[in-house]
Amino acid sequence: MTTTKSLSSLVALDMPSQPKAHRLRLAAADTAALNRREFLIWMRNPAFIFFTVIQPVMFVLLFRYVFGGSILVTVPGGYVDYLMPGIIAQSAAFASFATAISLARQLQKGVIDRFRAMPMARSAVLLGRLTADTVRLVVTLLVILGVGYAVGFRFHNGAVPALVMMVLGVALGVTICTVSAYVGLAVKDEEAVSSFGLVWLFPLTFVSSAFVPVQSMPGWLQAFAKNQPVTLVIDEMRSLALGGPLALHAWQSAAWLIGIVAVFVPLAVRAYRRAS
Amino acid sequence: MGSGPQSSVGSTAWDGPAIYVEDVHKSFGDVRALRGVDLAVERGTVLGVLGPNGAGKTTAVKILTTLLRPDRGRALVEGRDVARSPAAVREIIGLAGQSTAIQEELTGRENLDIMGRLYHLDRASRRRRAGELLERFDLVGAADRPTKGYSGGMQRRLDLALSLVSHPQVVFLDEPTTGLDPRSRLAVWDVIREMVASGTTLLLTTQYLEEADALANEIVVVDRGTVIASGTSQELKNRIGGDVLQFSVVQRDRRAEALEAVSGLSSAEPLYDEETARISLRVGADGSKALVETVRRLDALGIHPEDLGIRRPSLDDVFLSLTGHGAEQDGDAPKRRGRGRRARIRRER
């Protein structure tokens, strides 16, 4: 290293940054490549697909035939019509488990470090993950809807509101995926994430109007259940599916979803940058 | 390379060293991982960074591959500043680490294909590159099987192949053979030698002097975040005193005689280690001659040596002679980790 001192006059090359349009195009290509990677992984894991779909289907059947009989609701088609928007929202939320666990695993294995040392768009890992998750959500929710139809659920409010309800369900799922992505990247430990990183999903989905009317809960719990975002979104979905006051929860639902994304996407991006 | 990213950044008008590190510092809270590291690696050569766990090897690699920013000092890869132009650095480097980037559900070929997509290669280039690399890394037979079923050595080879998809000018290998069995290690060495033969500049970190010796043109020894020695492998070994002759004597009462008998064999003093009941002597480069002479002298005295042999100097020997403390006595690393590492080195012999 005798040469080191004489080299200290070296001046680093000035590297021009690439034009924005070019960078965006590359970011889209990176996202697509990672999407492809996720889909290949799922196709090799039939068990994973089976379980992500089978669990919500079991919930449909359980609540329809086991608990449903003792839950009193006042909607047109009885409990099954009350249940389905709730189950769709709950399944969408729980689908985000996979997001958190997969990101934590990739961090732990060093895969994400490798990506970060490549000329890849910083956003690609998160975007690729979220877009792949969106596709997975759509598939899962359509299967659940199919099973719902088989056990007696019907839309009562026309095709367009029905479509909007499904879109709202997917939007809720993707929103919660951004929270899960942050949890996965911040906790960085697959086991920790799967054992306690996602417990908050249980009160959020069960202490809501998903399965039972909020009015049946004790007063102190109602205060939370009535005002939390999952209830607001489910009530809006129910109004869309069955007919009801649409405007009531529309803006609140939208505000919550946009607000959560606005907070957790930057947090997840920051956790991704820092993770090492 | 097809429509590779290099073309869009302009040519490298850089005639300095391929890797240049000047006074780099990095701390994590109270832990000072790097305390002023200097390095220079000429284009097309291999630098071996040798040191124990916790010496700062991985931190240095992370800084050079833009995963961490240096607190102070600067690091240039082909003239590109890792802190100021990280994107430009990422375009010309390859990284393979202790953990692999392999997705185990995918086949070897699919892993290479996804990597090619991430480097924006077109379909024909991806296919050609995957074929070349599978051939070169002896993975053709397993190319279309999920990598879950690969052996540790095969996974490591595929991982090295993944780091080369983009024809990187500078490759960083962080402990490329840690945890591999001896046969797989040799196979990985072969692959690394081929990479070097094709003109790639390589920085590899290792805990094994033997590995640095086999692969590197130049070696730096790091300890507690600083470079404590550098030179060719031969220069380092000369400083350490070369090979070590070792044996034990079962007859307790004759050990003093045995020590006496071998004391004139080299300029170094023979040592007796209470713990292992072994006599050892540094014998320079002429190990076999000293071995024959030892047998002759002990035989003449009627002493029967056990486990008599020559061993190459280990990382422990390097550290002992350079710092006066063994590699496992690293201040920051927990004691037990050090023990595990030493046990591993023992097995290698």
# chains A, B, ... in the order shown; residues from 1 in each chain; ligands from 1
$ select_by_dssp --residues "segment 82-205 of chain B" --states "strand (DSSP E)" --output "count of residues only"
14
$ residues_around --residues "Leu308 of chain B" --least-positions-apart "2" --cutoff "9 Å" --atoms "only C-alpha atoms" --output "CSV table (one decimal) with C-alpha atoms, in the first residue's frame"
chain,number,residue,atom,x,y,z
B,245,LEU,CA,6.6,-28.4,12.3
B,246,GLN,CA,4.6,-30.1,15.0
B,247,PHE,CA,4.7,-33.3,17.0
B,248,SER,CA,3.9,-34.7,20.4
B,291,LEU,CA,10.9,-33.0,8.8
B,295,VAL,CA,12.8,-37.9,12.4
B,305,PRO,CA,7.1,-38.8,18.0
B,306,GLU,CA,3.3,-38.9,17.4
B,310,ILE,CA,4.2,-29.9,8.8
$ interface_residues --of "chain A" --to "chain B" --cutoff "8 Å" --atoms "only C-alpha atoms" --output "VMD selection string"
chain A and resid 1 4 8 10 to 16 18 26 29 to 30 33 to 34 36 to 37 40 to 41 44 to 45 109 to 111 113 to 114 116 to 120 276
$ residues_around --residues "segment 262-275 of chain A" --least-positions-apart "2" --cutoff "12 Å" --atoms "only C-alpha atoms" --output "mmCIF file with N, CA and C atoms, in the first residue's frame"
data_model
loop_
_atom_site.group_PDB
_atom_site.id
_atom_site.type_symbol
_atom_site.label_atom_id
_atom_site.label_comp_id
_atom_site.auth_asym_id
_atom_site.auth_seq_id
_atom_site.Cartn_x
_atom_site.Cartn_y
_atom_site.Cartn_z
ATOM 1 N N THR A 99 -47.263 -10.856 2.665
ATOM 2 C CA THR A 99 -46.401 -9.727 2.301
ATOM 3 C C THR A 99 -45.311 -9.532 3.351
ATOM 4 N N ALA A 100 -45.747 -9.462 4.608
ATOM 5 C CA ALA A 100 -44.806 -9.198 5.696
ATOM 6 C C ALA A 100 -43.806 -10.333 5.841
ATOM 7 N N LEU A 103 -41.227 -10.479 2.892
ATOM 8 C CA LEU A 103 -40.212 -9.416 2.920
ATOM 9 C C LEU A 103 -39.204 -9.654 4.040
ATOM 10 N N ALA A 104 -39.713 -10.085 5.211
ATOM 11 C CA ALA A 104 -38.796 -10.349 6.328
ATOM 12 C C ALA A 104 -37.833 -11.479 5.971
ATOM 13 N N GLN A 106 -36.828 -12.407 2.978
ATOM 14 C CA GLN A 106 -35.846 -11.986 1.971
ATOM 15 C C GLN A 106 -34.773 -11.092 2.564
ATOM 16 N N LEU A 107 -35.179 -10.280 3.550
ATOM 17 C CA LEU A 107 -34.192 -9.450 4.235
ATOM 18 C C LEU A 107 -33.214 -10.332 4.990
ATOM 19 N N GLN A 108 -33.777 -11.297 5.724
ATOM 20 C CA GLN A 108 -32.963 -12.165 6.564
ATOM 21 C C GLN A 108 -31.993 -12.982 5.723
ATOM 22 N N GLY A 110 -30.692 -12.142 2.984
ATOM 23 C CA GLY A 110 -29.721 -11.316 2.273
ATOM 24 C C GLY A 110 -30.113 -11.033 0.830
ATOM 25 N N VAL A 111 -31.288 -11.502 0.416
ATOM 26 C CA VAL A 111 -31.719 -11.282 -0.970
ATOM 27 C C VAL A 111 -31.878 -9.789 -1.242
ATOM 28 N N ILE A 112 -32.460 -9.090 -0.260
ATOM 29 C CA ILE A 112 -32.714 -7.665 -0.472
ATOM 30 C C ILE A 112 -31.408 -6.870 -0.540
ATOM 31 N N ASP A 113 -30.403 -7.285 0.248
ATOM 32 C CA ASP A 113 -29.094 -6.638 0.135
ATOM 33 C C ASP A 113 -28.546 -6.788 -1.281
ATOM 34 N N ARG A 114 -28.712 -7.962 -1.844
ATOM 35 C CA ARG A 114 -28.222 -8.186 -3.198
ATOM 36 C C ARG A 114 -28.942 -7.270 -4.190
ATOM 37 N N PHE A 115 -30.253 -7.150 -4.021
ATOM 38 C CA PHE A 115 -31.012 -6.263 -4.905
ATOM 39 C C PHE A 115 -30.542 -4.820 -4.750
ATOM 40 N N ARG A 116 -30.252 -4.428 -3.508
ATOM 41 C CA ARG A 116 -29.874 -3.037 -3.275
ATOM 42 C C ARG A 116 -28.502 -2.721 -3.852
ATOM 43 N N ALA A 117 -27.695 -3.759 -4.075
ATOM 44 C CA ALA A 117 -26.378 -3.523 -4.686
ATOM 45 C C ALA A 117 -26.451 -3.590 -6.207
ATOM 46 N N ALA A 121 -34.325 -0.028 -9.565
ATOM 47 C CA ALA A 121 -35.074 1.067 -8.970
ATOM 48 C C ALA A 121 -35.331 0.745 -7.499
ATOM 49 N N ARG A 122 -35.149 1.735 -6.622
ATOM 50 C CA ARG A 122 -35.343 1.522 -5.191
ATOM 51 C C ARG A 122 -36.750 1.061 -4.880
ATOM 52 N N SER A 123 -37.704 1.540 -5.690
ATOM 53 C CA SER A 123 -39.107 1.256 -5.410
ATOM 54 C C SER A 123 -39.519 -0.126 -5.898
ATOM 55 N N ALA A 124 -38.653 -0.777 -6.728
ATOM 56 C CA ALA A 124 -39.102 -1.979 -7.437
ATOM 57 C C ALA A 124 -39.450 -3.139 -6.507
ATOM 58 N N VAL A 125 -38.659 -3.327 -5.447
ATOM 59 C CA VAL A 125 -38.929 -4.467 -4.570
ATOM 60 C C VAL A 125 -40.304 -4.321 -3.920
ATOM 61 N N LEU A 126 -40.601 -3.118 -3.418
ATOM 62 C CA LEU A 126 -41.903 -2.891 -2.784
ATOM 63 C C LEU A 126 -43.035 -2.909 -3.801
ATOM 64 N N LEU A 127 -42.815 -2.224 -4.920
ATOM 65 C CA LEU A 127 -43.860 -2.171 -5.947
ATOM 66 C C LEU A 127 -44.144 -3.543 -6.539
ATOM 67 N N LEU A 130 -46.135 -5.451 -4.034
ATOM 68 C CA LEU A 130 -47.523 -4.990 -3.875
ATOM 69 C C LEU A 130 -48.369 -5.300 -5.111
ATOM 70 N N VAL A 174 -54.829 -4.103 -0.224
ATOM 71 C CA VAL A 174 -53.551 -3.507 -0.627
ATOM 72 C C VAL A 174 -53.082 -2.503 0.427
ATOM 73 N N THR A 175 -54.034 -1.730 0.965
ATOM 74 C CA THR A 175 -53.686 -0.763 2.012
ATOM 75 C C THR A 175 -53.044 -1.475 3.198
ATOM 76 N N ILE A 176 -53.665 -2.579 3.613
ATOM 77 C CA ILE A 176 -53.108 -3.292 4.766
ATOM 78 C C ILE A 176 -51.794 -3.975 4.398
ATOM 79 N N CYS A 177 -51.625 -4.339 3.127
ATOM 80 C CA CYS A 177 -50.330 -4.860 2.671
ATOM 81 C C CYS A 177 -49.209 -3.837 2.870
ATOM 82 N N THR A 178 -49.507 -2.546 2.680
ATOM 83 C CA THR A 178 -48.444 -1.545 2.870
ATOM 84 C C THR A 178 -48.017 -1.496 4.336
ATOM 85 N N VAL A 179 -48.997 -1.655 5.245
ATOM 86 C CA VAL A 179 -48.660 -1.695 6.675
ATOM 87 C C VAL A 179 -47.813 -2.937 6.958
ATOM 88 N N SER A 180 -48.244 -4.079 6.397
ATOM 89 C CA SER A 180 -47.522 -5.335 6.605
ATOM 90 C C SER A 180 -46.121 -5.269 6.015
ATOM 91 N N ALA A 181 -45.992 -4.608 4.872
ATOM 92 C CA ALA A 181 -44.675 -4.477 4.246
ATOM 93 C C ALA A 181 -43.742 -3.728 5.196
ATOM 94 N N TYR A 182 -44.278 -2.668 5.816
ATOM 95 C CA TYR A 182 -43.466 -1.916 6.777
ATOM 96 C C TYR A 182 -43.082 -2.804 7.959
ATOM 97 N N VAL A 183 -44.068 -3.558 8.489
ATOM 98 C CA VAL A 183 -43.788 -4.438 9.627
ATOM 99 C C VAL A 183 -42.703 -5.451 9.250
ATOM 100 N N GLY A 184 -42.844 -6.068 8.085
ATOM 101 C CA GLY A 184 -41.872 -7.074 7.653
ATOM 102 C C GLY A 184 -40.469 -6.498 7.534
ATOM 103 N N LEU A 185 -40.358 -5.295 6.963
ATOM 104 C CA LEU A 185 -39.046 -4.688 6.747
ATOM 105 C C LEU A 185 -38.461 -4.129 8.033
ATOM 106 N N ALA A 186 -39.342 -3.712 8.960
ATOM 107 C CA ALA A 186 -38.844 -3.118 10.202
ATOM 108 C C ALA A 186 -38.468 -4.200 11.206
ATOM 109 N N VAL A 187 -39.248 -5.278 11.270
ATOM 110 C CA VAL A 187 -38.972 -6.345 12.239
ATOM 111 C C VAL A 187 -37.837 -7.242 11.742
ATOM 112 N N LYS A 188 -37.750 -7.470 10.437
ATOM 113 C CA LYS A 188 -36.614 -8.154 9.807
ATOM 114 C C LYS A 188 -36.408 -9.595 10.232
ATOM 115 N N ASP A 189 -37.362 -10.184 10.917
ATOM 116 C CA ASP A 189 -37.165 -11.550 11.384
ATOM 117 C C ASP A 189 -38.425 -12.335 11.080
ATOM 118 N N ALA A 254 -62.475 6.334 2.214
ATOM 119 C CA ALA A 254 -61.435 6.777 1.296
ATOM 120 C C ALA A 254 -60.330 7.499 2.055
ATOM 121 N N ALA A 255 -60.725 8.357 2.994
ATOM 122 C CA ALA A 255 -59.734 9.122 3.748
ATOM 123 C C ALA A 255 -58.818 8.191 4.542
ATOM 124 N N TRP A 256 -59.439 7.197 5.192
ATOM 125 C CA TRP A 256 -58.624 6.255 5.966
ATOM 126 C C TRP A 256 -57.638 5.508 5.075
ATOM 127 N N LEU A 257 -58.145 4.957 3.965
ATOM 128 C CA LEU A 257 -57.267 4.155 3.105
ATOM 129 C C LEU A 257 -56.130 5.000 2.551
ATOM 130 N N ILE A 258 -56.469 6.188 2.055
ATOM 131 C CA ILE A 258 -55.429 7.057 1.493
ATOM 132 C C ILE A 258 -54.445 7.477 2.583
ATOM 133 N N GLY A 259 -54.995 7.788 3.762
ATOM 134 C CA GLY A 259 -54.145 8.210 4.881
ATOM 135 C C GLY A 259 -53.156 7.120 5.282
ATOM 136 N N ILE A 260 -53.648 5.888 5.380
ATOM 137 C CA ILE A 260 -52.772 4.787 5.800
ATOM 138 C C ILE A 260 -51.672 4.567 4.761
ATOM 139 N N THR B 66 -22.157 -0.105 -1.925
ATOM 140 C CA THR B 66 -23.154 0.960 -1.726
ATOM 141 C C THR B 66 -24.268 0.600 -0.739
ATOM 142 N N LEU B 67 -24.093 -0.497 0.021
ATOM 143 C CA LEU B 67 -25.140 -0.858 0.983
ATOM 144 C C LEU B 67 -25.046 -0.024 2.254
ATOM 145 N N LEU B 68 -23.849 0.483 2.536
ATOM 146 C CA LEU B 68 -23.655 1.374 3.683
ATOM 147 C C LEU B 68 -22.878 2.595 3.208
ATOM 148 N N ARG B 69 -23.128 3.714 3.859
ATOM 149 C CA ARG B 69 -22.350 4.912 3.537
ATOM 150 C C ARG B 69 -21.217 5.063 4.554
#
$ closest_residue --among "A:Leu62, A:Ile49, A:Val73, A:Met165" --to "Pro213 of chain A" --atoms "only C-alpha atoms"
A:Val73
$ select_by_dssp --residues "segment 132-250 of chain B" --states "helix (DSSP H, G or I)" --output "number ranges by chain"
B: 132-136, 140-142, 147-149, 152-163, 182-197, 209-215, 233-240
$ residues_around --residues "Ala187 of chain B" --least-positions-apart "2" --cutoff "12 Å" --atoms "only C-alpha atoms" --output "list of chain:residue names"
B:Arg136, B:Phe137, B:Asp138, B:Leu139, B:Gly152, B:Gly153, B:Met154, B:Gln155, B:Arg156, B:Arg157, B:Leu158, B:Leu160, B:Pro176, B:Thr177, B:Leu180, B:Asp181, B:Pro182, B:Arg183, B:Ser184, B:Arg185, B:Trp189, B:Asp190, B:Val191, B:Ile192, B:Arg193, B:Glu194
$ atom_distance --atom1 "atom CA of Ile54 of chain A" --atom2 "atom CA of Thr147 of chain B"
27.8 Å
$ residues_around --residues "Val24 of chain B" --least-positions-apart "6" --cutoff "8 Å" --atoms "only C-alpha atoms" --output "ChimeraX atom specification"
/B:34-38,70-75
$ atom_distance --atom1 "atom CA of Arg311 of chain B" --atom2 "atom CA of Arg224 of chain B"
26.6 Å
$ residues_around --residues "Asn157 of chain A" --least-positions-apart "6" --cutoff "10 Å" --atoms "only C-alpha atoms" --output "ChimeraX atom specification"
/A:239-244
$ residues_around --residues "Glu257 of chain B" --least-positions-apart "5" --cutoff "10 Å" --atoms "only C-alpha atoms" --output "NGL selection string"
:B and (262-263 or 298 or 301 or 303)
$ closest_residue --among "A:Ala47, A:Ile88, A:Ala98, A:Ala93" --to "Val193 of chain A" --atoms "only C-alpha atoms"
A:Ala98
$ closest_residue --among "A:Leu204, A:Val212, A:Val199, A:Val53" --to "Gly68 of chain A" --atoms "only C-alpha atoms"
A:Val212
$ atom_distance --atom1 "atom CA of Gly169 of chain A" --atom2 "atom CA of Ala32 of chain A"
23.8 Å
$ decode --residues "segment 231-270 of chain A" --atoms "C-alpha atoms" --output "short mmCIF file (atom, residue, chain, number, x, y, z; two decimals), in the first residue's frame"
data_model
loop_
_atom_site.label_atom_id
_atom_site.label_comp_id
_atom_site.auth_asym_id
_atom_site.auth_seq_id
_atom_site.Cartn_x
_atom_site.Cartn_y
_atom_site.Cartn_z
CA THR A 231 -65.69 -1.20 10.01
CA LEU A 232 -66.08 1.95 7.95
CA VAL A 233 -64.89 0.16 4.80
CA ILE A 234 -67.06 -2.90 5.48
CA ASP A 235 -70.15 -0.76 6.09
CA GLU A 236 -69.51 0.98 2.79
CA MET A 237 -69.03 -2.37 1.03
CA ARG A 238 -72.28 -3.62 2.55
CA SER A 239 -74.17 -0.56 1.35
CA LEU A 240 -72.73 -1.12 -2.13
CA ALA A 241 -73.71 -4.79 -2.17
CA LEU A 242 -77.11 -4.64 -0.55
CA GLY A 243 -78.28 -1.08 -1.10
CA GLY A 244 -78.08 1.52 1.63
CA PRO A 245 -76.81 4.99 2.38
CA LEU A 246 -73.68 5.13 0.20
CA ALA A 247 -72.51 8.59 1.10
CA LEU A 248 -72.43 7.87 4.81
CA HIS A 249 -69.03 6.15 4.96
CA ALA A 250 -67.64 6.81 1.50
CA TRP A 251 -65.44 9.75 2.28
CA GLN A 252 -64.35 8.37 5.64
CA SER A 253 -63.34 5.05 4.06
CA ALA A 254 -61.43 6.78 1.30
CA ALA A 255 -59.73 9.12 3.75
CA TRP A 256 -58.62 6.26 5.97
CA LEU A 257 -57.27 4.16 3.10
CA ILE A 258 -55.43 7.06 1.49
CA GLY A 259 -54.14 8.21 4.88
CA ILE A 260 -52.77 4.79 5.80
CA VAL A 261 -51.04 4.40 2.42
CA ALA A 262 -49.61 7.93 2.71
CA VAL A 263 -48.10 7.11 6.08
CA PHE A 264 -46.91 3.54 5.57
CA VAL A 265 -45.49 3.64 2.04
CA PRO A 266 -42.84 6.22 3.01
CA LEU A 267 -42.17 4.28 6.23
CA ALA A 268 -41.74 1.04 4.28
CA VAL A 269 -39.47 2.74 1.73
CA ARG A 270 -37.37 4.15 4.55
#
